[in-house]
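Source file: query-v2.pdb; contents: PDB, C-alpha atoms and all ligand atoms.
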```pdb
ATOM      1  CA  MET A1212       0.000   0.000   0.000
ATOM      2  CA  ALA A1213       1.525   3.334  -1.059
ATOM      3  CA  PHE A1214       0.090   6.521   0.397
ATOM      4  CA  THR A1215       0.757  10.047  -0.795
ATOM      5  CA  LEU A1216      -0.740  12.845   1.280
ATOM      6  CA  TYR A1217      -1.174  16.276  -0.257
ATOM      7  CA  ASN A1218      -1.429  18.564   2.731
ATOM      8  CA  ALA A1219      -0.061  21.568   4.593
ATOM      9  CA  PRO A1220       1.893  21.429   7.861
ATOM     10  CA  GLN A1221      -0.297  23.960   9.689
ATOM     11  CA  SER A1222      -3.641  22.874   8.208
ATOM     12  CA  THR A1223      -5.985  21.574  10.884
ATOM     13  CA  CYS A1224      -7.738  19.237   8.434
ATOM     14  CA  SER A1225      -4.372  17.809   7.352
ATOM     15  CA  GLN A1226      -3.360  17.240  10.974
ATOM     16  CA  ARG A1227      -6.285  14.834  11.458
ATOM     17  CA  VAL A1228      -5.059  12.654   8.601
ATOM     18  CA  ARG A1229      -1.399  12.775   9.620
ATOM     19  CA  PHE A1230      -2.417  11.707  13.137
ATOM     20  CA  VAL A1231      -4.258   8.601  11.879
ATOM     21  CA  LEU A1232      -1.461   7.651   9.452
ATOM     22  CA  ASN A1233       1.119   8.030  12.238
ATOM     23  CA  ALA A1234      -0.986   6.187  14.826
ATOM     24  CA  LYS A1235      -1.344   3.239  12.469
ATOM     25  CA  GLY A1236       2.348   3.270  11.580
ATOM     26  CA  LEU A1237       1.542   3.769   7.880
ATOM     27  CA  ALA A1238       4.437   5.239   5.907
ATOM     28  CA  PHE A1239       3.393   8.037   3.577
ATOM     29  CA  ASN A1240       4.922  10.347   1.067
ATOM     30  CA  GLU A1241       4.047  13.866   2.169
ATOM     31  CA  ILE A1242       3.580  16.619  -0.396
ATOM     32  CA  LYS A1243       3.429  20.028   1.278
ATOM     33  CA  LEU A1244       1.310  22.714  -0.375
ATOM     34  CA  ASN A1245       1.773  26.395   0.383
ATOM     35  CA  LEU A1246      -1.808  27.543   0.952
ATOM     36  CA  LEU A1247      -0.986  31.262   1.147
ATOM     37  CA  GLU A1248       0.699  31.039  -2.253
ATOM     38  CA  GLY A1249      -2.294  29.207  -3.735
ATOM     39  CA  ASP A1250      -0.789  25.776  -4.484
ATOM     40  CA  GLN A1251      -4.229  24.293  -3.668
ATOM     41  CA  LEU A1252      -5.793  26.270  -6.542
ATOM     42  CA  LYS A1253      -3.431  25.156  -9.317
ATOM     43  CA  PRO A1254      -5.085  23.220 -12.176
ATOM     44  CA  ASP A1255      -3.220  19.956 -11.534
ATOM     45  CA  TYR A1256      -4.249  19.924  -7.882
ATOM     46  CA  LEU A1257      -7.854  20.878  -8.700
ATOM     47  CA  LYS A1258      -8.011  17.725 -10.826
ATOM     48  CA  LEU A1259      -7.384  15.746  -7.626
ATOM     49  CA  ASN A1260      -9.507  17.890  -5.322
ATOM     50  CA  PRO A1261     -11.995  20.164  -7.103
ATOM     51  CA  ASN A1262     -12.739  21.920  -3.781
ATOM     52  CA  GLY A1263      -9.254  23.442  -3.860
ATOM     53  CA  VAL A1264      -8.470  22.515  -0.276
ATOM     54  CA  VAL A1265      -6.155  20.131   1.539
ATOM     55  CA  PRO A1266      -5.903  17.308   2.437
ATOM     56  CA  THR A1267      -6.093  14.839  -0.434
ATOM     57  CA  LEU A1268      -4.960  11.240  -0.135
ATOM     58  CA  ASP A1269      -3.649   9.187  -3.024
ATOM     59  CA  HIS A1270      -3.770   5.501  -2.140
ATOM     60  CA  ASP A1271      -2.195   3.402  -4.912
ATOM     61  CA  GLY A1272      -3.693   5.849  -7.428
ATOM     62  CA  ALA A1273      -7.145   6.062  -5.804
ATOM     63  CA  ILE A1274      -7.946   9.626  -4.757
ATOM     64  CA  VAL A1275      -9.794  10.266  -1.494
ATOM     65  CA  THR A1276     -10.714  13.771  -0.326
ATOM     66  CA  ASP A1277     -12.131  15.425   2.799
ATOM     67  CA  SER A1278     -10.304  14.860   6.068
ATOM     68  CA  THR A1279     -13.045  13.041   7.970
ATOM     69  CA  VAL A1280     -13.742  10.818   4.975
ATOM     70  CA  ILE A1281     -10.010  10.114   4.611
ATOM     71  CA  THR A1282      -9.682   9.118   8.278
ATOM     72  CA  GLU A1283     -12.648   6.740   7.935
ATOM     73  CA  TYR A1284     -11.166   5.363   4.716
ATOM     74  CA  LEU A1285      -7.813   4.720   6.431
ATOM     75  CA  ASP A1286      -9.563   2.886   9.246
ATOM     76  CA  GLU A1287     -11.221   0.646   6.643
ATOM     77  CA  VAL A1288      -8.158  -0.168   4.515
ATOM     78  CA  ALA A1289      -5.774  -0.427   7.484
ATOM     79  CA  PRO A1290      -7.956  -1.703  10.319
ATOM     80  CA  GLN A1291      -5.091  -2.280  12.768
ATOM     81  CA  ASP A1292      -5.285  -0.004  15.818
ATOM     82  CA  SER A1293      -8.848   0.854  14.848
ATOM     83  CA  PHE A1294     -10.393   4.197  15.737
ATOM     84  CA  THR A1295     -13.911   3.032  14.838
ATOM     85  CA  PRO A1296     -16.209   1.300  17.346
ATOM     86  CA  GLU A1297     -17.453  -2.135  16.274
ATOM     87  CA  ASP A1298     -20.953  -1.599  17.606
ATOM     88  CA  PRO A1299     -23.036   0.074  14.861
ATOM     89  CA  VAL A1300     -24.793   2.330  17.371
ATOM     90  CA  ALA A1301     -21.478   3.585  18.776
ATOM     91  CA  ARG A1302     -20.198   3.979  15.218
ATOM     92  CA  ALA A1303     -23.248   6.057  14.278
ATOM     93  CA  ARG A1304     -22.658   8.170  17.376
ATOM     94  CA  MET A1305     -19.051   8.718  16.343
ATOM     95  CA  ARG A1306     -20.137   9.869  12.896
ATOM     96  CA  ALA A1307     -22.737  12.201  14.382
ATOM     97  CA  LEU A1308     -20.040  13.701  16.583
ATOM     98  CA  MET A1309     -17.778  14.136  13.554
ATOM     99  CA  HIS A1310     -20.551  16.033  11.760
ATOM    100  CA  PHE A1311     -21.044  18.235  14.823
ATOM    101  CA  ILE A1312     -17.285  18.876  14.985
ATOM    102  CA  ASP A1313     -17.092  19.881  11.318
ATOM    103  CA  GLU A1314     -20.079  22.179  11.660
ATOM    104  CA  MET A1315     -19.094  23.792  14.967
ATOM    105  CA  PRO A1316     -15.472  23.916  16.227
ATOM    106  CA  ALA A1317     -13.737  23.090  12.930
ATOM    107  CA  ALA A1318     -15.665  25.826  11.105
ATOM    108  CA  ALA A1319     -15.500  28.350  13.964
ATOM    109  CA  VAL A1320     -11.740  28.049  14.423
ATOM    110  CA  ARG A1321     -11.175  29.484  10.935
ATOM    111  CA  VAL A1322     -12.317  32.936  12.091
ATOM    112  CA  PRO A1323      -9.625  33.544  14.750
ATOM    113  CA  THR A1324      -7.090  31.697  12.585
ATOM    114  CA  PHE A1325      -7.618  34.012   9.620
ATOM    115  CA  ASN A1326      -7.980  37.171  11.703
ATOM    116  CA  LEU A1327      -4.907  36.602  13.829
ATOM    117  CA  ALA A1328      -2.537  34.683  11.553
ATOM    118  CA  PHE A1329      -3.336  35.182   7.873
ATOM    119  CA  LEU A1330      -4.810  38.684   7.683
ATOM    120  CA  PRO A1331      -1.435  40.519   7.529
ATOM    121  CA  SER A1332      -0.576  38.601   4.309
ATOM    122  CA  PHE A1333      -3.914  39.577   2.746
ATOM    123  CA  GLN A1334      -3.524  43.204   3.829
ATOM    124  CA  LYS A1335      -0.346  43.463   1.761
ATOM    125  CA  MET A1336      -2.266  42.626  -1.431
ATOM    126  CA  SER A1337      -3.913  45.137  -3.737
ATOM    127  CA  ARG A1338      -7.724  45.081  -3.635
ATOM    128  CA  ALA A1339      -7.838  43.610  -7.155
ATOM    129  CA  ALA A1340      -5.375  40.832  -6.281
ATOM    130  CA  PHE A1341      -7.289  40.019  -3.095
ATOM    131  CA  VAL A1342     -10.650  39.794  -4.882
ATOM    132  CA  ALA A1343      -9.129  37.660  -7.665
ATOM    133  CA  MET A1344      -7.630  35.315  -5.056
ATOM    134  CA  ALA A1345     -10.934  35.072  -3.138
ATOM    135  CA  GLU A1346     -12.889  34.430  -6.330
ATOM    136  CA  SER A1347     -10.539  31.632  -7.359
ATOM    137  CA  LYS A1348     -11.458  29.601  -4.259
ATOM    138  CA  PRO A1349     -14.182  27.053  -5.018
ATOM    139  CA  LEU A1350     -15.140  26.508  -1.363
ATOM    140  CA  ARG A1351     -14.105  29.622   0.538
ATOM    141  CA  ARG A1352     -14.946  32.539  -1.795
ATOM    142  CA  GLU A1353     -17.681  34.018   0.413
ATOM    143  CA  PHE A1354     -15.697  33.373   3.593
ATOM    144  CA  MET A1355     -12.766  35.341   2.158
ATOM    145  CA  MET A1356     -14.965  38.197   0.942
ATOM    146  CA  THR A1357     -16.694  38.438   4.348
ATOM    147  CA  MET A1358     -13.312  38.670   6.042
ATOM    148  CA  GLY A1359     -12.066  41.151   3.448
ATOM    149  CA  GLN A1360      -8.776  42.931   4.025
ATOM    150  CA  THR A1361      -9.817  44.443   7.333
ATOM    151  CA  GLY A1362     -10.644  41.152   9.033
ATOM    152  CA  PHE A1363     -13.775  39.738  10.589
ATOM    153  CA  PRO A1364     -15.484  42.293  12.847
ATOM    154  CA  LYS A1365     -15.492  41.800  16.620
ATOM    155  CA  ALA A1366     -19.067  40.449  16.585
ATOM    156  CA  GLU A1367     -17.989  37.688  14.206
ATOM    157  CA  MET A1368     -14.928  36.834  16.349
ATOM    158  CA  ASP A1369     -17.084  36.753  19.485
ATOM    159  CA  ALA A1370     -19.606  34.478  17.767
ATOM    160  CA  ALA A1371     -16.849  32.100  16.643
ATOM    161  CA  LEU A1372     -15.409  31.931  20.162
ATOM    162  CA  ALA A1373     -18.909  31.317  21.583
ATOM    163  CA  ARG A1374     -19.381  28.446  19.137
ATOM    164  CA  LEU A1375     -16.021  27.022  20.184
ATOM    165  CA  ARG A1376     -17.025  27.334  23.821
ATOM    166  CA  ARG A1377     -20.201  25.324  23.145
ATOM    167  CA  ALA A1378     -18.033  22.666  21.515
ATOM    168  CA  TYR A1379     -15.816  22.352  24.634
ATOM    169  CA  GLU A1380     -18.970  22.062  26.743
ATOM    170  CA  ARG A1381     -20.272  19.378  24.417
ATOM    171  CA  MET A1382     -16.956  17.515  24.749
ATOM    172  CA  ASP A1383     -17.269  17.755  28.536
ATOM    173  CA  ALA A1384     -20.802  16.341  28.367
ATOM    174  CA  GLU A1385     -19.731  13.474  26.074
ATOM    175  CA  ILE A1386     -16.769  12.551  28.305
ATOM    176  CA  THR A1387     -19.019  12.659  31.378
ATOM    177  CA  ALA A1388     -21.676  10.456  29.740
ATOM    178  CA  SER A1389     -19.181   7.901  28.363
ATOM    179  CA  GLY A1390     -17.033   7.794  31.507
ATOM    180  CA  GLY A1391     -14.005   9.015  29.478
ATOM    181  CA  PRO A1392     -11.184   9.566  29.194
ATOM    182  CA  TRP A1393     -12.035   9.893  25.475
ATOM    183  CA  LEU A1394     -15.245  11.278  24.003
ATOM    184  CA  GLN A1395     -16.760   7.815  23.600
ATOM    185  CA  GLY A1396     -15.235   6.120  26.617
ATOM    186  CA  LYS A1397     -12.124   4.000  27.045
ATOM    187  CA  ALA A1398     -11.162   3.812  23.384
ATOM    188  CA  MET A1399     -10.142   6.773  21.313
ATOM    189  CA  THR A1400     -12.238   7.175  18.167
ATOM    190  CA  LEU A1401     -12.061   9.247  15.001
ATOM    191  CA  ALA A1402     -14.234  11.851  16.751
ATOM    192  CA  ASP A1403     -11.350  12.577  19.144
ATOM    193  CA  VAL A1404      -9.007  12.910  16.175
ATOM    194  CA  ALA A1405     -11.478  15.180  14.368
ATOM    195  CA  VAL A1406     -11.718  17.720  17.186
ATOM    196  CA  MET A1407      -8.019  17.636  18.220
ATOM    197  CA  PRO A1408      -6.682  20.256  15.746
ATOM    198  CA  ALA A1409      -9.237  22.904  16.751
ATOM    199  CA  LEU A1410      -8.128  22.727  20.386
ATOM    200  CA  VAL A1411      -4.451  22.645  19.459
ATOM    201  CA  ARG A1412      -5.028  25.747  17.286
ATOM    202  CA  ILE A1413      -6.839  27.687  20.033
ATOM    203  CA  ASP A1414      -4.125  26.727  22.504
ATOM    204  CA  ASP A1415      -1.470  27.848  20.009
ATOM    205  CA  LEU A1416      -3.236  31.174  19.491
ATOM    206  CA  GLY A1417      -3.244  31.648  23.280
ATOM    207  CA  ILE A1418      -7.005  32.107  23.431
ATOM    208  CA  PRO A1419      -8.606  31.045  26.725
ATOM    209  CA  GLY A1420     -10.973  28.124  26.250
ATOM    210  CA  TRP A1421     -11.617  25.055  28.372
ATOM    211  CA  GLN A1422      -9.388  25.598  31.434
ATOM    212  CA  ASP A1423     -12.434  25.449  33.758
ATOM    213  CA  LEU A1424     -13.489  22.043  32.345
ATOM    214  CA  PRO A1425     -11.167  19.509  34.016
ATOM    215  CA  ARG A1426     -12.322  16.584  31.866
ATOM    216  CA  VAL A1427     -11.459  18.510  28.724
ATOM    217  CA  VAL A1428      -8.141  19.581  30.257
ATOM    218  CA  ALA A1429      -7.341  15.887  30.892
ATOM    219  CA  TRP A1430      -8.524  14.963  27.376
ATOM    220  CA  PHE A1431      -6.162  17.574  25.892
ATOM    221  CA  ASP A1432      -3.227  16.293  27.984
ATOM    222  CA  ASN A1433      -4.002  12.714  26.928
ATOM    223  CA  ILE A1434      -4.123  13.451  23.221
ATOM    224  CA  ARG A1435      -0.900  15.433  23.386
ATOM    225  CA  ALA A1436       0.727  12.444  25.119
ATOM    226  CA  HIS A1437      -0.372  10.029  22.356
ATOM    227  CA  PRO A1438       2.642   8.660  20.422
ATOM    228  CA  ALA A1439       1.161   9.930  17.128
ATOM    229  CA  PHE A1440       0.961  13.527  18.348
ATOM    230  CA  LYS A1441       4.613  14.538  18.038
ATOM    231  CA  PRO A1442       5.190  13.190  14.515
ATOM    232  CA  THR A1443       1.919  14.853  13.451
ATOM    233  CA  TYR A1444       2.878  18.230  14.875
ATOM    234  CA  TYR A1445       6.416  18.243  13.505
ATOM    235  CA  PRO A1446       8.225  21.615  13.572
ATOM    236  CA  GLY A1447       6.344  24.148  11.438
ATOM    237  CA  SER A1448       2.891  22.704  12.182
ATOM    238  CA  LEU A1449       1.940  25.402  14.662
ATOM    239  CA  LEU A1450       0.983  28.861  13.468
ATOM    240  CA  SER A1451       3.015  30.491  16.241
ATOM    241  CA  GLU A1452       6.133  28.894  14.730
ATOM    242  CA  ARG A1453       5.374  30.211  11.274
ATOM    243  CA  PHE A1454       4.057  33.718  11.919
ATOM    244  CA  PRO A1455       6.271  35.773  14.216
ATOM    245  CA  HIS A1456       3.655  38.570  14.434
ATOM    246  CA  LEU A1457       1.418  36.161  16.365
ATOM    247  CA  LYS A1458       3.574  36.635  19.456
ATOM    248  CA  ASP A1459       2.127  40.165  19.840
ATOM    249  CA  LYS A1460      -1.413  38.933  19.204
ATOM    250  CA  ILE A1461      -0.969  36.167  21.751
ATOM    251  CA  ALA A1462       0.291  38.683  24.312
ATOM    252  CA  ALA A1463      -2.840  40.757  23.618
ATOM    253  CA  TRP A1464      -5.092  37.812  24.484
ATOM    254  CA  ALA A1465      -3.300  36.793  27.652
TER     255      ALA A1465
HETATM  256  N1  LIG B   1     -14.026  19.659   4.717
HETATM  257  C1  LIG B   1     -12.700  19.756   4.227
HETATM  258  C2  LIG B   1     -12.167  21.144   4.481
HETATM  259  C3  LIG B   1     -10.741  21.286   4.028
HETATM  260  C4  LIG B   1     -10.186  22.682   4.289
HETATM  261  O1  LIG B   1     -10.899  23.648   4.570
HETATM  262  N2  LIG B   1      -8.860  22.807   4.190
HETATM  263  C5  LIG B   1      -8.205  24.067   4.419
HETATM  264  C6  LIG B   1      -7.011  23.885   5.345
HETATM  265  S1  LIG B   1      -7.496  23.230   6.927
HETATM  266  C7  LIG B   1      -7.661  24.580   3.096
HETATM  267  O2  LIG B   1      -7.123  23.829   2.310
HETATM  268  N3  LIG B   1      -7.791  25.877   2.847
HETATM  269  C8  LIG B   1      -7.307  26.453   1.649
HETATM  270  C9  LIG B   1      -8.004  27.720   1.269
HETATM  271  O3  LIG B   1      -8.798  28.238   2.062
HETATM  272  O4  LIG B   1      -7.745  28.191   0.156
HETATM  273  C10 LIG B   1     -11.826  18.696   4.904
HETATM  274  O5  LIG B   1     -12.086  18.394   6.071
HETATM  275  O6  LIG B   1     -10.920  18.152   4.251
END
```
Would you mind writing the file out in structure tokens?
Amino acid sequence: MAFTLYNAPQSTCSQRVRFVLNAKGLAFNEIKLNLLEGDQLKPDYLKLNPNGVVPTLDHDGAIVTDSTVITEYLDEVAPQDSFTPEDPVARARMRALMHFIDEMPAAAVRVPTFNLAFLPSFQKMSRAAFVAMAESKPLRREFMMTMGQTGFPKAEMDAALARLRRAYERMDAEITASGGPWLQGKAMTLADVAVMPALVRIDDLGIPGWQDLPRVVAWFDNIRAHPAFKPTYYPGSLLSERFPHLKDKIAAWA
């Protein structure tokens, strides 16, 4: 089995897939795309992933897109160290959680990410270049135009952080109901992997989040201690490592 992963070091969606590949001990050829330079919008890449986003997995020539779909696919083709419950009801619950995670924390985390980390790059562009770049994005055109070159307004940032807060509370409720330490009980599932990058990102941005929820604090410590965590978050995977201006932003939050 030969795997090639088209991804970006700091991309939260890519980090989910790298975590599963690493946890299963699957070797993969990693192709790193520069998202700020638009590698994901080049014609050859769009043939693989018409959404113009990372990650994309090539498995012996078969192309699989969308991070949650890729993690489920990997669990099917490489079932060792499974992240999927055997019981169909628990499996359905895992998938429902993954949908919730994509709709809530994974979507919400883009607002502080773009406002704090990426905005300075967009502010350097001419208006025409910015609009052309936004319009070339199949999935994120409206998101980019709403952000514009001045950033999301405070109300939008506050709403995103409130949505993230509800996600931490939901995690706390799931861990309480299952008995923990993972969302669905004793075994880690793909739902844990799906939500991991949002919390790592918020932690990296220095934004207060779940410190008053001890079960979520323990969950975060546990996932960071997992053997797949370090190879997934290799140097350059955190925004704070890549964007020096974030240090000032982080100080402003603290
Ligand atoms: N639902 C997709 C979303 C993928 C996605 O949004 N990827 C981001 C990085 S985490 C991206 O490639 N953004 C490029 C852009 O906005 O142009 C997935 O989970 O794979």
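Run against this file, the PyMOL selection byres (((chain A and resi 1396) around 12) and not hetatm) gives back Pro1296, Ala1301, Met1305, Met1382, Asp1383, Ala1384, Glu1385, Ile1386, Thr1387, Ala1388, Ser1389, Gly1390, Gly1391, Pro1392, Trp1393, Leu1394, Gln1395, Lys1397, Ala1398, Met1399, Thr1400, Ala1402, Asp1403 and Trp1430 of chain A.
Taking all atoms listed in the file into account, ligand LIG 1 (chain B) lies nearest to A:Phe1354 out of the set A:Phe1341, A:Tyr1284, A:Phe1333, A:Phe1354.
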task: Fewer than 3 positions away in the same chain doesn't count, so skip those; otherwise give me all residues within 6 Å of region 1237-1251 of chain A, counting all atoms listed in the file, as a list in words.
output: Phe1214, Thr1215, Leu1216, Tyr1217, Asn1218, Ala1219, Leu1232, Gly1263 and Val1264 of chain A
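Residues of protein, DNA or RNA lying at most 7 Å from ligand LIG 1 (chain B), when all atoms listed in the file are considered, are Ser1222, Thr1223, Cys1224, Ser1225, Leu1246, Gly1249, Gln1251, Gly1263, Val1264, Val1265, Pro1266, Thr1276, Asp1277, Ser1278, Thr1279, Lys1348 and Arg1351 of chain A.
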field: Selection dump of the PyMOL selection byres (((chain A and resi 1412-1428) around 10) and not hetatm), as a PyMOL selection string
entry: chain A and resi 1221-1223+1320-1321+1323-1324+1327-1328+1372-1373+1375-1376+1378-1387+1390-1394+1407-1411+1429-1433+1448-1452+1457-1458+1460-1465
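Rounded to one decimal, CA of Val1404 (chain A) and CA of Asp1271 (chain A) lie 24.1 Å from each other.
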task: Using all atoms listed in the file, determine which residues lie at most 10 Å from Phe1440 (chain A), disregarding the query and same-chain residues fewer than 3 positions distant; provide the list as a PyMOL selection string.
output: chain A and resi 1226+1229-1231+1233-1234+1407+1433-1437+1443-1445
Write a file of the selected residues as a CSV table (one decimal), in the frame of the given file, keeping C-alpha atoms.
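Result file follows (selection-v4.csv):
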```csv
chain,number,residue,atom,x,y,z
A,1226,GLN,CA,-3.4,17.2,11.0
A,1229,ARG,CA,-1.4,12.8,9.6
A,1230,PHE,CA,-2.4,11.7,13.1
A,1231,VAL,CA,-4.3,8.6,11.9
A,1233,ASN,CA,1.1,8.0,12.2
A,1234,ALA,CA,-1.0,6.2,14.8
A,1407,MET,CA,-8.0,17.6,18.2
A,1433,ASN,CA,-4.0,12.7,26.9
A,1434,ILE,CA,-4.1,13.5,23.2
A,1435,ARG,CA,-0.9,15.4,23.4
A,1436,ALA,CA,0.7,12.4,25.1
A,1437,HIS,CA,-0.4,10.0,22.4
A,1443,THR,CA,1.9,14.9,13.5
A,1444,TYR,CA,2.9,18.2,14.9
A,1445,TYR,CA,6.4,18.2,13.5
```
Matched chain/residue IDs from the PyMOL selection byres (((chain A and resi 1270) around 8) and not hetatm), as a compact mmCIF listing (two decimals) with C-alpha atoms, in the frame of the given file:
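As written to disk, out25.txt reads:
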```txt
# COMPACT_ATOMS: atom_id res chain seq x y z
CA MET A 1212 0.00 0.00 0.00
CA ALA A 1213 1.52 3.33 -1.06
CA PHE A 1214 0.09 6.52 0.40
CA THR A 1215 0.76 10.05 -0.80
CA LEU A 1268 -4.96 11.24 -0.14
CA ASP A 1269 -3.65 9.19 -3.02
CA ASP A 1271 -2.19 3.40 -4.91
CA GLY A 1272 -3.69 5.85 -7.43
CA ALA A 1273 -7.14 6.06 -5.80
CA ILE A 1274 -7.95 9.63 -4.76
CA VAL A 1275 -9.79 10.27 -1.49
```
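Of the listed residues (A:Val1288, A:Ala1405, A:Leu1259, A:Ala1439), A:Ala1405 comes nearest to Met1309 (chain A); the distances count only C-alpha atoms.
Across the structure, CA of Thr1282 (chain A) and CA of Arg1453 (chain A) are spaced 26.1 Å apart.
One distance worth recording is that between CA of Asn1326 (chain A) and CA of Asp1459 (chain A), which is 13.3 Å.
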- request: Give as a list in words the set of residues within 9 Å of the point (-7.9, 5.6, 8.8), where distances use the file's coordinates and all atoms listed in the file.
  value: Val1228, Val1231, Leu1232, Lys1235, Val1280, Ile1281, Thr1282, Glu1283, Tyr1284, Leu1285, Asp1286, Glu1287, Val1288, Ala1289, Pro1290, Ser1293, Phe1294, Thr1295 and Leu1401 of chain A
Edge lengths and centre in Å to one decimal, as AutoDock Vina command-line options, of the axis-aligned box that encloses all listed atoms of region 1400-1403 of chain A with 6 Å added on every side?
```
--center_x -12.8 --center_y 9.9 --center_z 17.1 --size_x 14.9 --size_y 17.4 --size_z 16.1
```
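Closest to Pro1331 (chain A) among A:Pro1349, A:Pro1442, A:Gly1362, A:Pro1220 is A:Gly1362, based on all atoms listed in the file.
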